[in-house]
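Let me begin by presenting the structure, written as structure tokens, before commenting on it.
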Amino acid sequence: MKKIVLLALFCVAIASVFAQENKPAIEGKPSKDVEMIRLANNLAKYGYENFSALSLIEAASILNDIATQELNPVSFEKGLEGENSGVKKDKPGFTVDNLLSDATKFADGNENLLALVNEAKAKVGAVTRGRVGGPGRTVSSVNGNSSDTYQIRFIANQYAEILVSGDGDTDLDLYVYDSNGNLIVKDDDYTDDCYVRWIPAWTGNFIVKIVNRGPVYNNYVLVTN
């Protein structure tokens with residue numbers, strides 16, 4: 001009888017541990033760095049849609065000011081089943097170099113705008129990057145009707161944040177699973193601006209899946225805290 005009771009208690013304990021990862025999303029606003037990167041991406045979208053050099057310059061300046069480090073996920077898998085159909089405007093990844101290069105084109109010889117571009121270029125790399133525990137950032141693209149999958153390691157009992165912000169051409173959805181395949185949080189609205197936040201119960205790898213619901217590829221930035 002004692003063995004049966006101990007076995008039952010052990011099973012309950014194991015079940016409670018696995019259940020910890022299946023907590024609902026934590027309500028709250030993104031951290032300042034994550035919110036600023038979201039703002040920069042939205043400015044970049046506006047800049048490309050309206051050929052606004054000023055918007056691209058401001059987006060580049062914000063990205064340069066945020067102390068990010070290369071994401072370096074545990075693993076990354078590119079979806080192969082998708083195909084890109086339809087027409088898509090050329091829209092490069094929203095990196096500081098790309099934004100300032102295109103801002104120069106959109107300036108169309110305007111001396112004031114070109115001066116702002118040169119000022120922003122002079123500041124590139126001036127901010128210390130790669131700090132331990134700082135936010136990670138990567139720029140990539142996901143094929144139409146396909147998905148990209150990352151494994152990213154998060155620390156127990158600390159807020160974990162993920163932002164995915166696309167180029168505005170398709171709907172992107174974001175899903176996060178624990179190492180046991182349980183869905184932890186998701187953002188599956190009808191935009192390509194996705195944000196999730198949760199508190200891991202233990203330190204470990206989490207599967208981050210970005211799904212493109214549209215027919216053409218989408219350039220996106222993925223940011224973690």
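A note on labels: chains of the structure tokens are A, B, ... as shown, every chain counts residues from 1, and ligands are counted from 1 in their shown order.
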
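Taking range 66-212 of chain A and asking which residues DSSP calls helix (DSSP H, G or I) on the backbone, you get Val96, Asp97, Asn98, Leu99, Leu100, Ser101, Asp102, Ala103, Thr104, Lys105, Phe106, Ala107, Glu111, Asn112, Leu113, Leu114, Ala115, Leu116, Val117, Asn118, Glu119, Ala120, Lys121, Ala122 and Lys123 of chain A.
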
Task: Nearby residues (only C-alpha atoms) at most 6 Å from range 146-156 of chain A, same-chain spacing under 6 positions excluded, as a VMD selection string - done: chain A and resid 73 to 79 82 200 to 212

Produce a file of the selected residues containing all heavy atoms, as a compact mmCIF listing (two decimals), in the first residue's frame.
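Once written, result.txt looks like this:
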```txt
# COMPACT_ATOMS: atom_id res chain seq x y z
N PRO A 73 20.46 31.00 -32.58
CA PRO A 73 19.57 30.00 -31.97
C PRO A 73 20.26 28.64 -31.84
O PRO A 73 21.28 28.38 -32.49
CB PRO A 73 18.41 29.92 -32.98
CG PRO A 73 19.03 30.31 -34.28
CD PRO A 73 20.04 31.37 -33.94
N VAL A 74 19.71 27.79 -30.98
CA VAL A 74 20.24 26.44 -30.83
C VAL A 74 20.17 25.72 -32.17
O VAL A 74 21.08 24.98 -32.56
CB VAL A 74 19.44 25.67 -29.76
CG1 VAL A 74 19.93 24.23 -29.66
CG2 VAL A 74 19.58 26.37 -28.41
N SER A 75 19.07 25.92 -32.91
CA SER A 75 18.94 25.36 -34.25
C SER A 75 17.96 26.21 -35.04
O SER A 75 17.19 26.99 -34.48
CB SER A 75 18.46 23.90 -34.21
OG SER A 75 17.13 23.84 -33.71
N PHE A 76 18.01 26.07 -36.37
CA PHE A 76 17.11 26.80 -37.25
C PHE A 76 16.74 25.91 -38.42
O PHE A 76 17.61 25.24 -38.99
CB PHE A 76 17.77 28.08 -37.77
CG PHE A 76 16.98 28.76 -38.87
CD1 PHE A 76 15.76 29.34 -38.60
CD2 PHE A 76 17.47 28.81 -40.17
CE1 PHE A 76 15.02 29.97 -39.60
CE2 PHE A 76 16.75 29.43 -41.17
CZ PHE A 76 15.52 30.01 -40.89
N GLU A 77 15.46 25.85 -38.74
CA GLU A 77 14.99 25.02 -39.86
C GLU A 77 14.13 25.86 -40.78
O GLU A 77 13.14 26.46 -40.37
CB GLU A 77 14.17 23.83 -39.34
CG GLU A 77 13.68 22.91 -40.44
CD GLU A 77 12.89 21.72 -39.88
OE1 GLU A 77 12.92 21.51 -38.66
OE2 GLU A 77 12.24 21.04 -40.69
N LYS A 78 14.54 25.91 -42.04
CA LYS A 78 13.82 26.67 -43.06
C LYS A 78 12.77 25.77 -43.68
O LYS A 78 13.05 24.65 -44.09
CB LYS A 78 14.79 27.15 -44.14
CG LYS A 78 14.19 28.14 -45.12
CD LYS A 78 14.22 29.51 -44.53
CE LYS A 78 13.77 30.57 -45.52
NZ LYS A 78 13.59 31.87 -44.89
N GLY A 79 11.51 26.26 -43.74
CA GLY A 79 10.46 25.48 -44.36
C GLY A 79 10.71 25.33 -45.85
O GLY A 79 11.04 26.28 -46.54
N GLY A 82 6.90 25.41 -48.81
CA GLY A 82 6.19 26.58 -49.33
C GLY A 82 6.68 26.99 -50.70
O GLY A 82 7.75 26.61 -51.18
N PRO A 200 9.16 31.02 -18.32
CA PRO A 200 9.50 29.59 -18.35
C PRO A 200 9.63 29.03 -16.94
O PRO A 200 10.16 29.70 -16.05
CB PRO A 200 10.85 29.56 -19.08
CG PRO A 200 10.92 30.85 -19.84
CD PRO A 200 10.19 31.84 -19.00
N ALA A 201 9.17 27.82 -16.76
CA ALA A 201 9.28 27.16 -15.45
C ALA A 201 10.66 26.57 -15.23
O ALA A 201 11.04 26.31 -14.10
CB ALA A 201 8.21 26.07 -15.32
N TRP A 202 11.40 26.33 -16.31
CA TRP A 202 12.76 25.84 -16.19
C TRP A 202 13.59 26.37 -17.35
O TRP A 202 13.06 26.82 -18.37
CB TRP A 202 12.82 24.30 -16.16
CG TRP A 202 12.20 23.63 -17.36
CD1 TRP A 202 12.68 23.62 -18.64
CD2 TRP A 202 10.99 22.88 -17.38
NE1 TRP A 202 11.85 22.91 -19.45
CE2 TRP A 202 10.80 22.44 -18.71
CE3 TRP A 202 10.05 22.52 -16.41
CZ2 TRP A 202 9.71 21.66 -19.09
CZ3 TRP A 202 8.97 21.75 -16.79
CH2 TRP A 202 8.81 21.32 -18.12
N THR A 203 14.91 26.33 -17.18
CA THR A 203 15.81 26.76 -18.24
C THR A 203 15.91 25.66 -19.28
O THR A 203 16.16 24.50 -18.95
CB THR A 203 17.21 27.06 -17.67
OG1 THR A 203 17.11 28.13 -16.73
CG2 THR A 203 18.17 27.45 -18.78
N GLY A 204 15.70 26.02 -20.54
CA GLY A 204 15.75 25.02 -21.58
C GLY A 204 15.44 25.59 -22.95
O GLY A 204 15.27 26.81 -23.12
N ASN A 205 15.39 24.69 -23.93
CA ASN A 205 15.14 25.08 -25.31
C ASN A 205 13.64 25.19 -25.57
O ASN A 205 12.86 24.35 -25.12
CB ASN A 205 15.75 24.07 -26.28
CG ASN A 205 17.26 24.00 -26.16
OD1 ASN A 205 17.90 24.96 -25.75
ND2 ASN A 205 17.83 22.86 -26.51
N PHE A 206 13.26 26.21 -26.31
CA PHE A 206 11.88 26.39 -26.74
C PHE A 206 11.84 26.47 -28.26
O PHE A 206 12.75 27.03 -28.89
CB PHE A 206 11.28 27.65 -26.12
CG PHE A 206 11.01 27.53 -24.65
CD1 PHE A 206 12.04 27.66 -23.74
CD2 PHE A 206 9.74 27.26 -24.19
CE1 PHE A 206 11.81 27.53 -22.38
CE2 PHE A 206 9.49 27.13 -22.83
CZ PHE A 206 10.53 27.27 -21.93
N ILE A 207 10.81 25.87 -28.85
CA ILE A 207 10.65 25.86 -30.30
C ILE A 207 9.81 27.07 -30.70
O ILE A 207 8.69 27.24 -30.23
CB ILE A 207 9.97 24.56 -30.76
CG1 ILE A 207 10.83 23.36 -30.37
CG2 ILE A 207 9.73 24.59 -32.27
CD1 ILE A 207 10.12 22.03 -30.50
N VAL A 208 10.37 27.91 -31.53
CA VAL A 208 9.71 29.13 -32.00
C VAL A 208 9.39 28.94 -33.48
O VAL A 208 10.30 28.80 -34.30
CB VAL A 208 10.61 30.35 -31.79
CG1 VAL A 208 9.94 31.61 -32.33
CG2 VAL A 208 10.95 30.51 -30.31
N LYS A 209 8.11 28.96 -33.81
CA LYS A 209 7.68 28.70 -35.19
C LYS A 209 7.01 29.94 -35.76
O LYS A 209 6.07 30.48 -35.19
CB LYS A 209 6.72 27.52 -35.23
CG LYS A 209 6.38 27.04 -36.65
CD LYS A 209 5.58 25.74 -36.60
CE LYS A 209 5.34 25.20 -37.99
NZ LYS A 209 4.59 23.93 -37.96
N ILE A 210 7.50 30.39 -36.91
CA ILE A 210 6.94 31.53 -37.62
C ILE A 210 6.27 31.01 -38.88
O ILE A 210 6.93 30.41 -39.74
CB ILE A 210 8.03 32.54 -37.99
CG1 ILE A 210 8.76 33.03 -36.72
CG2 ILE A 210 7.45 33.73 -38.76
CD1 ILE A 210 10.03 33.79 -37.00
N VAL A 211 4.97 31.22 -38.99
CA VAL A 211 4.19 30.68 -40.12
C VAL A 211 3.74 31.83 -41.02
O VAL A 211 3.13 32.79 -40.54
CB VAL A 211 2.96 29.90 -39.61
CG1 VAL A 211 2.18 29.33 -40.81
CG2 VAL A 211 3.39 28.77 -38.68
N ASN A 212 4.03 31.71 -42.29
CA ASN A 212 3.61 32.70 -43.29
C ASN A 212 2.30 32.22 -43.93
O ASN A 212 2.28 31.18 -44.60
CB ASN A 212 4.70 32.87 -44.35
CG ASN A 212 4.38 33.97 -45.35
OD1 ASN A 212 3.29 34.53 -45.36
ND2 ASN A 212 5.34 34.28 -46.20
```

Using only C-alpha atoms, what table do you get, as JSON lines, when you list each residue of range 91-151 of chain A with an atom no more than 10 Å from range 39-53 of chain A, its nearest pair of atoms, and their distance in Å rounded to one decimal, rows by chain then rising number?
```
{"residue": "A:Lys91", "atom": "CA", "partner": "A:Tyr48", "partner_atom": "CA", "distance": 7.5}
{"residue": "A:Pro92", "atom": "CA", "partner": "A:Tyr48", "partner_atom": "CA", "distance": 9.7}
{"residue": "A:Gly93", "atom": "CA", "partner": "A:Ala44", "partner_atom": "CA", "distance": 9.8}
{"residue": "A:Phe94", "atom": "CA", "partner": "A:Ala44", "partner_atom": "CA", "distance": 6.9}
{"residue": "A:Thr95", "atom": "CA", "partner": "A:Asn41", "partner_atom": "CA", "distance": 9.5}
{"residue": "A:Leu99", "atom": "CA", "partner": "A:Ala44", "partner_atom": "CA", "distance": 7.5}
{"residue": "A:Leu100", "atom": "CA", "partner": "A:Ala53", "partner_atom": "CA", "distance": 8.3}
{"residue": "A:Ser101", "atom": "CA", "partner": "A:Ala53", "partner_atom": "CA", "distance": 9.7}
{"residue": "A:Asp102", "atom": "CA", "partner": "A:Ala53", "partner_atom": "CA", "distance": 7.5}
{"residue": "A:Ala103", "atom": "CA", "partner": "A:Ala53", "partner_atom": "CA", "distance": 4.2}
{"residue": "A:Thr104", "atom": "CA", "partner": "A:Ala53", "partner_atom": "CA", "distance": 7.0}
{"residue": "A:Lys105", "atom": "CA", "partner": "A:Ala53", "partner_atom": "CA", "distance": 7.8}
{"residue": "A:Phe106", "atom": "CA", "partner": "A:Ala53", "partner_atom": "CA", "distance": 5.1}
{"residue": "A:Ala107", "atom": "CA", "partner": "A:Ala53", "partner_atom": "CA", "distance": 5.5}
{"residue": "A:Asp108", "atom": "CA", "partner": "A:Ala53", "partner_atom": "CA", "distance": 8.9}
{"residue": "A:Asn110", "atom": "CA", "partner": "A:Ala53", "partner_atom": "CA", "distance": 9.8}
{"residue": "A:Leu113", "atom": "CA", "partner": "A:Ala53", "partner_atom": "CA", "distance": 7.1}
{"residue": "A:Leu114", "atom": "CA", "partner": "A:Ala53", "partner_atom": "CA", "distance": 9.0}
{"residue": "A:Leu116", "atom": "CA", "partner": "A:Ala53", "partner_atom": "CA", "distance": 9.5}
{"residue": "A:Val117", "atom": "CA", "partner": "A:Ala53", "partner_atom": "CA", "distance": 8.6}
```

Those residues you just picked out, can you put them in a file as a PDB file, in the first residue's frame with N, CA, C and O atoms?
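Output below, filename result.pdb:
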```
ATOM      1  N   LYS A  91      11.884  44.328 -51.448  1.00  0.00           N
ATOM      2  CA  LYS A  91      11.901  44.944 -50.121  1.00  0.00           C
ATOM      3  C   LYS A  91      12.945  44.216 -49.282  1.00  0.00           C
ATOM      4  O   LYS A  91      12.697  43.130 -48.765  1.00  0.00           O
ATOM      5  N   PRO A  92      14.154  44.749 -49.170  1.00  0.00           N
ATOM      6  CA  PRO A  92      15.231  44.053 -48.463  1.00  0.00           C
ATOM      7  C   PRO A  92      14.953  43.942 -46.970  1.00  0.00           C
ATOM      8  O   PRO A  92      14.074  44.610 -46.431  1.00  0.00           O
ATOM      9  N   GLY A  93      15.744  43.104 -46.299  1.00  0.00           N
ATOM     10  CA  GLY A  93      15.618  42.976 -44.854  1.00  0.00           C
ATOM     11  C   GLY A  93      15.896  44.308 -44.173  1.00  0.00           C
ATOM     12  O   GLY A  93      16.722  45.104 -44.636  1.00  0.00           O
ATOM     13  N   PHE A  94      15.206  44.546 -43.078  1.00  0.00           N
ATOM     14  CA  PHE A  94      15.320  45.837 -42.395  1.00  0.00           C
ATOM     15  C   PHE A  94      16.554  45.861 -41.496  1.00  0.00           C
ATOM     16  O   PHE A  94      16.465  45.822 -40.270  1.00  0.00           O
ATOM     17  N   THR A  95      17.717  45.952 -42.122  1.00  0.00           N
ATOM     18  CA  THR A  95      18.958  46.128 -41.377  1.00  0.00           C
ATOM     19  C   THR A  95      19.385  47.590 -41.481  1.00  0.00           C
ATOM     20  O   THR A  95      18.932  48.329 -42.359  1.00  0.00           O
ATOM     21  N   LEU A  99      18.650  50.012 -44.733  1.00  0.00           N
ATOM     22  CA  LEU A  99      17.783  51.174 -44.553  1.00  0.00           C
ATOM     23  C   LEU A  99      18.486  52.463 -44.967  1.00  0.00           C
ATOM     24  O   LEU A  99      17.909  53.312 -45.660  1.00  0.00           O
ATOM     25  N   LEU A 100      19.746  52.611 -44.582  1.00  0.00           N
ATOM     26  CA  LEU A 100      20.466  53.841 -44.928  1.00  0.00           C
ATOM     27  C   LEU A 100      20.801  53.888 -46.409  1.00  0.00           C
ATOM     28  O   LEU A 100      20.802  54.969 -47.026  1.00  0.00           O
ATOM     29  N   SER A 101      21.082  52.741 -46.993  1.00  0.00           N
ATOM     30  CA  SER A 101      21.349  52.691 -48.432  1.00  0.00           C
ATOM     31  C   SER A 101      20.118  53.124 -49.233  1.00  0.00           C
ATOM     32  O   SER A 101      20.224  53.934 -50.166  1.00  0.00           O
ATOM     33  N   ASP A 102      18.955  52.606 -48.842  1.00  0.00           N
ATOM     34  CA  ASP A 102      17.731  52.960 -49.563  1.00  0.00           C
ATOM     35  C   ASP A 102      17.274  54.379 -49.227  1.00  0.00           C
ATOM     36  O   ASP A 102      16.650  55.049 -50.054  1.00  0.00           O
ATOM     37  N   ALA A 103      17.576  54.846 -48.018  1.00  0.00           N
ATOM     38  CA  ALA A 103      17.256  56.236 -47.671  1.00  0.00           C
ATOM     39  C   ALA A 103      18.019  57.191 -48.584  1.00  0.00           C
ATOM     40  O   ALA A 103      17.489  58.241 -48.993  1.00  0.00           O
ATOM     41  N   THR A 104      19.263  56.831 -48.926  1.00  0.00           N
ATOM     42  CA  THR A 104      20.044  57.653 -49.850  1.00  0.00           C
ATOM     43  C   THR A 104      19.357  57.737 -51.213  1.00  0.00           C
ATOM     44  O   THR A 104      19.296  58.807 -51.835  1.00  0.00           O
ATOM     45  N   LYS A 105      18.829  56.601 -51.677  1.00  0.00           N
ATOM     46  CA  LYS A 105      18.118  56.588 -52.964  1.00  0.00           C
ATOM     47  C   LYS A 105      16.854  57.446 -52.892  1.00  0.00           C
ATOM     48  O   LYS A 105      16.579  58.237 -53.789  1.00  0.00           O
ATOM     49  N   PHE A 106      16.092  57.272 -51.811  1.00  0.00           N
ATOM     50  CA  PHE A 106      14.832  58.007 -51.683  1.00  0.00           C
ATOM     51  C   PHE A 106      15.062  59.509 -51.476  1.00  0.00           C
ATOM     52  O   PHE A 106      14.175  60.321 -51.753  1.00  0.00           O
ATOM     53  N   ALA A 107      16.244  59.880 -50.978  1.00  0.00           N
ATOM     54  CA  ALA A 107      16.542  61.301 -50.756  1.00  0.00           C
ATOM     55  C   ALA A 107      16.589  62.063 -52.079  1.00  0.00           C
ATOM     56  O   ALA A 107      16.344  63.280 -52.101  1.00  0.00           O
ATOM     57  N   ASP A 108      16.919  61.353 -53.153  1.00  0.00           N
ATOM     58  CA  ASP A 108      16.875  61.928 -54.503  1.00  0.00           C
ATOM     59  C   ASP A 108      17.653  63.252 -54.586  1.00  0.00           C
ATOM     60  O   ASP A 108      17.191  64.234 -55.174  1.00  0.00           O
ATOM     61  N   ASN A 110      18.380  65.376 -52.218  1.00  0.00           N
ATOM     62  CA  ASN A 110      18.061  66.405 -51.231  1.00  0.00           C
ATOM     63  C   ASN A 110      19.215  66.519 -50.223  1.00  0.00           C
ATOM     64  O   ASN A 110      19.529  65.569 -49.498  1.00  0.00           O
ATOM     65  N   LEU A 113      18.396  65.778 -46.429  1.00  0.00           N
ATOM     66  CA  LEU A 113      18.193  64.358 -46.146  1.00  0.00           C
ATOM     67  C   LEU A 113      19.506  63.584 -46.243  1.00  0.00           C
ATOM     68  O   LEU A 113      19.780  62.699 -45.420  1.00  0.00           O
ATOM     69  N   LEU A 114      20.335  63.922 -47.233  1.00  0.00           N
ATOM     70  CA  LEU A 114      21.624  63.237 -47.379  1.00  0.00           C
ATOM     71  C   LEU A 114      22.535  63.525 -46.186  1.00  0.00           C
ATOM     72  O   LEU A 114      23.304  62.651 -45.758  1.00  0.00           O
ATOM     73  N   LEU A 116      21.466  63.961 -43.137  1.00  0.00           N
ATOM     74  CA  LEU A 116      20.958  63.101 -42.061  1.00  0.00           C
ATOM     75  C   LEU A 116      21.419  61.656 -42.259  1.00  0.00           C
ATOM     76  O   LEU A 116      21.747  60.958 -41.286  1.00  0.00           O
ATOM     77  N   VAL A 117      21.438  61.199 -43.515  1.00  0.00           N
ATOM     78  CA  VAL A 117      21.925  59.848 -43.804  1.00  0.00           C
ATOM     79  C   VAL A 117      23.385  59.719 -43.379  1.00  0.00           C
ATOM     80  O   VAL A 117      23.777  58.747 -42.713  1.00  0.00           O
TER      81      VAL A 117
END
```

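Put simply, CA of Gly136 in chain A is 18.7 Å away from CA of Tyr177 in chain A.
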
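Interatomic distance, CA of Asp192 in chain A against CA of Ser179 in chain A: 25.3 Å.
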
Task: Within 8 Å of range 157-173 of chain A using only C-alpha atoms, minus same-chain residues under 3 positions, as a PyMOL selection string - done: chain A and resi 30+34+38+41+45+88+91+154+186-202+210-225

- [ ] Write out as a PyMOL selection string all residues of range 44-184 of chain A that DSSP puts in strand (DSSP E) for this structure's backbone.
- [x] chain A and resi 69-70+75-78+136-142+147-154+160-166+172-177+183-184

Grab the residues selected above and save them as an mmCIF file, in the first residue's frame with N, CA and C atoms.
```cif
data_model
loop_
_atom_site.group_PDB
_atom_site.id
_atom_site.type_symbol
_atom_site.label_atom_id
_atom_site.label_comp_id
_atom_site.auth_asym_id
_atom_site.auth_seq_id
_atom_site.Cartn_x
_atom_site.Cartn_y
_atom_site.Cartn_z
ATOM 1 N N GLN A 69 22.452 41.628 -29.838
ATOM 2 C CA GLN A 69 23.507 40.724 -30.248
ATOM 3 C C GLN A 69 22.901 39.720 -31.225
ATOM 4 N N GLU A 70 23.741 39.082 -32.029
ATOM 5 C CA GLU A 70 23.234 38.099 -32.980
ATOM 6 C C GLU A 70 22.507 36.993 -32.220
ATOM 7 N N SER A 75 19.075 25.917 -32.910
ATOM 8 C CA SER A 75 18.942 25.362 -34.255
ATOM 9 C C SER A 75 17.959 26.212 -35.039
ATOM 10 N N PHE A 76 18.010 26.071 -36.367
ATOM 11 C CA PHE A 76 17.109 26.805 -37.249
ATOM 12 C C PHE A 76 16.741 25.905 -38.416
ATOM 13 N N GLU A 77 15.460 25.849 -38.740
ATOM 14 C CA GLU A 77 14.989 25.015 -39.856
ATOM 15 C C GLU A 77 14.133 25.861 -40.784
ATOM 16 N N LYS A 78 14.543 25.913 -42.041
ATOM 17 C CA LYS A 78 13.819 26.670 -43.057
ATOM 18 C C LYS A 78 12.769 25.769 -43.681
ATOM 19 N N GLY A 136 18.511 39.472 -28.272
ATOM 20 C CA GLY A 136 19.047 38.909 -29.504
ATOM 21 C C GLY A 136 18.175 39.318 -30.677
ATOM 22 N N ARG A 137 18.776 39.400 -31.859
ATOM 23 C CA ARG A 137 18.048 39.873 -33.036
ATOM 24 C C ARG A 137 18.580 39.185 -34.278
ATOM 25 N N THR A 138 17.684 38.779 -35.173
ATOM 26 C CA THR A 138 18.090 38.249 -36.468
ATOM 27 C C THR A 138 17.097 38.689 -37.517
ATOM 28 N N VAL A 139 17.565 38.840 -38.737
ATOM 29 C CA VAL A 139 16.724 39.216 -39.877
ATOM 30 C C VAL A 139 16.737 38.078 -40.868
ATOM 31 N N SER A 140 15.555 37.662 -41.322
ATOM 32 C CA SER A 140 15.464 36.555 -42.270
ATOM 33 C C SER A 140 14.205 36.743 -43.116
ATOM 34 N N SER A 141 13.862 35.723 -43.903
ATOM 35 C CA SER A 141 12.629 35.745 -44.680
ATOM 36 C C SER A 141 12.020 34.358 -44.653
ATOM 37 N N VAL A 142 10.697 34.298 -44.659
ATOM 38 C CA VAL A 142 9.984 33.021 -44.659
ATOM 39 C C VAL A 142 9.189 32.940 -45.952
ATOM 40 N N SER A 147 6.969 27.943 -43.303
ATOM 41 C CA SER A 147 7.289 28.309 -41.921
ATOM 42 C C SER A 147 8.785 28.216 -41.674
ATOM 43 N N ASP A 148 9.262 29.013 -40.727
ATOM 44 C CA ASP A 148 10.630 28.923 -40.213
ATOM 45 C C ASP A 148 10.545 28.481 -38.757
ATOM 46 N N THR A 149 11.486 27.639 -38.339
ATOM 47 C CA THR A 149 11.469 27.113 -36.975
ATOM 48 C C THR A 149 12.828 27.314 -36.311
ATOM 49 N N TYR A 150 12.802 27.911 -35.129
ATOM 50 C CA TYR A 150 14.011 28.139 -34.342
ATOM 51 C C TYR A 150 13.908 27.365 -33.024
ATOM 52 N N GLN A 151 15.061 26.956 -32.497
ATOM 53 C CA GLN A 151 15.142 26.519 -31.101
ATOM 54 C C GLN A 151 15.955 27.576 -30.354
ATOM 55 N N ILE A 152 15.342 28.177 -29.348
ATOM 56 C CA ILE A 152 15.984 29.248 -28.603
ATOM 57 C C ILE A 152 15.937 28.912 -27.118
ATOM 58 N N ARG A 153 17.014 29.186 -26.429
ATOM 59 C CA ARG A 153 17.126 28.837 -25.011
ATOM 60 C C ARG A 153 16.723 30.027 -24.141
ATOM 61 N N PHE A 154 15.824 29.774 -23.179
ATOM 62 C CA PHE A 154 15.379 30.816 -22.258
ATOM 63 C C PHE A 154 15.634 30.385 -20.818
ATOM 64 N N ALA A 160 10.260 35.939 -20.599
ATOM 65 C CA ALA A 160 10.767 35.648 -21.938
ATOM 66 C C ALA A 160 9.892 36.387 -22.935
ATOM 67 N N GLU A 161 10.516 37.122 -23.838
ATOM 68 C CA GLU A 161 9.784 37.900 -24.832
ATOM 69 C C GLU A 161 10.271 37.543 -26.235
ATOM 70 N N ILE A 162 9.337 37.495 -27.176
ATOM 71 C CA ILE A 162 9.682 37.319 -28.584
ATOM 72 C C ILE A 162 8.834 38.270 -29.404
ATOM 73 N N LEU A 163 9.488 39.006 -30.264
ATOM 74 C CA LEU A 163 8.806 39.872 -31.227
ATOM 75 C C LEU A 163 9.181 39.409 -32.624
ATOM 76 N N VAL A 164 8.178 39.252 -33.482
ATOM 77 C CA VAL A 164 8.404 39.009 -34.904
ATOM 78 C C VAL A 164 7.658 40.094 -35.659
ATOM 79 N N SER A 165 8.379 40.843 -36.481
ATOM 80 C CA SER A 165 7.759 41.926 -37.235
ATOM 81 C C SER A 165 8.162 41.797 -38.695
ATOM 82 N N GLY A 166 7.165 41.610 -39.567
ATOM 83 C CA GLY A 166 7.427 41.377 -40.980
ATOM 84 C C GLY A 166 7.457 42.649 -41.790
ATOM 85 N N LEU A 172 1.696 36.934 -40.725
ATOM 86 C CA LEU A 172 2.588 36.007 -40.039
ATOM 87 C C LEU A 172 1.981 35.626 -38.695
ATOM 88 N N ASP A 173 2.114 34.371 -38.322
ATOM 89 C CA ASP A 173 1.678 33.893 -37.011
ATOM 90 C C ASP A 173 2.885 33.340 -36.256
ATOM 91 N N LEU A 174 2.857 33.493 -34.944
ATOM 92 C CA LEU A 174 3.976 33.087 -34.091
ATOM 93 C C LEU A 174 3.495 32.085 -33.043
ATOM 94 N N TYR A 175 4.191 30.950 -32.936
ATOM 95 C CA TYR A 175 3.858 29.908 -31.964
ATOM 96 C C TYR A 175 5.124 29.518 -31.199
ATOM 97 N N VAL A 176 4.985 29.322 -29.886
ATOM 98 C CA VAL A 176 6.106 28.891 -29.053
ATOM 99 C C VAL A 176 5.715 27.598 -28.335
ATOM 100 N N TYR A 177 6.564 26.580 -28.463
ATOM 101 C CA TYR A 177 6.331 25.275 -27.834
ATOM 102 C C TYR A 177 7.481 24.970 -26.880
ATOM 103 N N LEU A 183 2.160 23.607 -26.655
ATOM 104 C CA LEU A 183 2.035 25.002 -27.055
ATOM 105 C C LEU A 183 1.994 25.878 -25.803
ATOM 106 N N ILE A 184 2.905 26.830 -25.715
ATOM 107 C CA ILE A 184 2.996 27.704 -24.540
ATOM 108 C C ILE A 184 2.261 29.012 -24.781
#
```

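Closest approach to Ala60 in chain A among A:Asp97, A:Asp90, A:Asp33, A:Glu111 is made by A:Asp97 (distances from only C-alpha atoms).
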
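Excluding Val124 in chain A and any residue on its chain fewer than 5 positions from it, the residues at most 10 Å away by only C-alpha atoms are Ala60, Ser61, Leu63, Asn64, Asp65, Val96, Asp97 and Glu119 of chain A.
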
The selected residues should be written to file as a compact mmCIF listing (two decimals), in the first residue's frame (atoms: all heavy atoms).
```txt
# COMPACT_ATOMS: atom_id res chain seq x y z
N ALA A 60 16.62 53.29 -38.98
CA ALA A 60 18.01 52.85 -38.88
C ALA A 60 18.65 53.37 -37.60
O ALA A 60 19.41 52.65 -36.93
CB ALA A 60 18.80 53.32 -40.09
N SER A 61 18.37 54.62 -37.23
CA SER A 61 18.94 55.21 -36.02
C SER A 61 18.48 54.47 -34.77
O SER A 61 19.26 54.23 -33.84
CB SER A 61 18.55 56.69 -35.94
OG SER A 61 19.08 57.42 -37.02
N LEU A 63 17.44 51.28 -34.61
CA LEU A 63 18.05 49.95 -34.58
C LEU A 63 19.51 50.03 -34.15
O LEU A 63 20.00 49.15 -33.44
CB LEU A 63 17.94 49.29 -35.96
CG LEU A 63 16.53 48.92 -36.41
CD1 LEU A 63 16.57 48.30 -37.81
CD2 LEU A 63 15.88 47.94 -35.43
N ASN A 64 20.21 51.08 -34.57
CA ASN A 64 21.60 51.21 -34.19
C ASN A 64 21.76 51.52 -32.70
O ASN A 64 22.77 51.16 -32.09
CB ASN A 64 22.27 52.32 -35.01
CG ASN A 64 23.77 52.36 -34.79
OD1 ASN A 64 24.48 51.40 -35.07
ND2 ASN A 64 24.26 53.48 -34.28
N ASP A 65 20.76 52.17 -32.11
CA ASP A 65 20.83 52.55 -30.71
C ASP A 65 20.49 51.40 -29.75
O ASP A 65 20.80 51.47 -28.56
CB ASP A 65 19.89 53.72 -30.41
CG ASP A 65 20.41 55.02 -30.99
OD1 ASP A 65 21.61 55.08 -31.33
OD2 ASP A 65 19.62 55.98 -31.14
N VAL A 96 20.28 48.01 -40.59
CA VAL A 96 20.73 49.40 -40.59
C VAL A 96 21.35 49.76 -41.94
O VAL A 96 21.05 50.81 -42.52
CB VAL A 96 21.74 49.65 -39.45
CG1 VAL A 96 22.34 51.04 -39.56
CG2 VAL A 96 21.05 49.47 -38.10
N ASP A 97 22.21 48.89 -42.46
CA ASP A 97 22.88 49.17 -43.73
C ASP A 97 21.88 49.29 -44.88
O ASP A 97 21.98 50.21 -45.71
CB ASP A 97 23.90 48.08 -44.05
CG ASP A 97 25.11 48.13 -43.13
OD1 ASP A 97 25.33 49.19 -42.51
OD2 ASP A 97 25.82 47.12 -43.03
N GLU A 119 25.00 61.48 -41.22
CA GLU A 119 25.10 61.56 -39.76
C GLU A 119 24.77 60.21 -39.12
O GLU A 119 25.44 59.77 -38.18
CB GLU A 119 24.15 62.63 -39.24
CG GLU A 119 24.19 62.84 -37.74
CD GLU A 119 23.22 63.90 -37.26
OE1 GLU A 119 22.76 64.72 -38.09
OE2 GLU A 119 22.90 63.90 -36.05
```
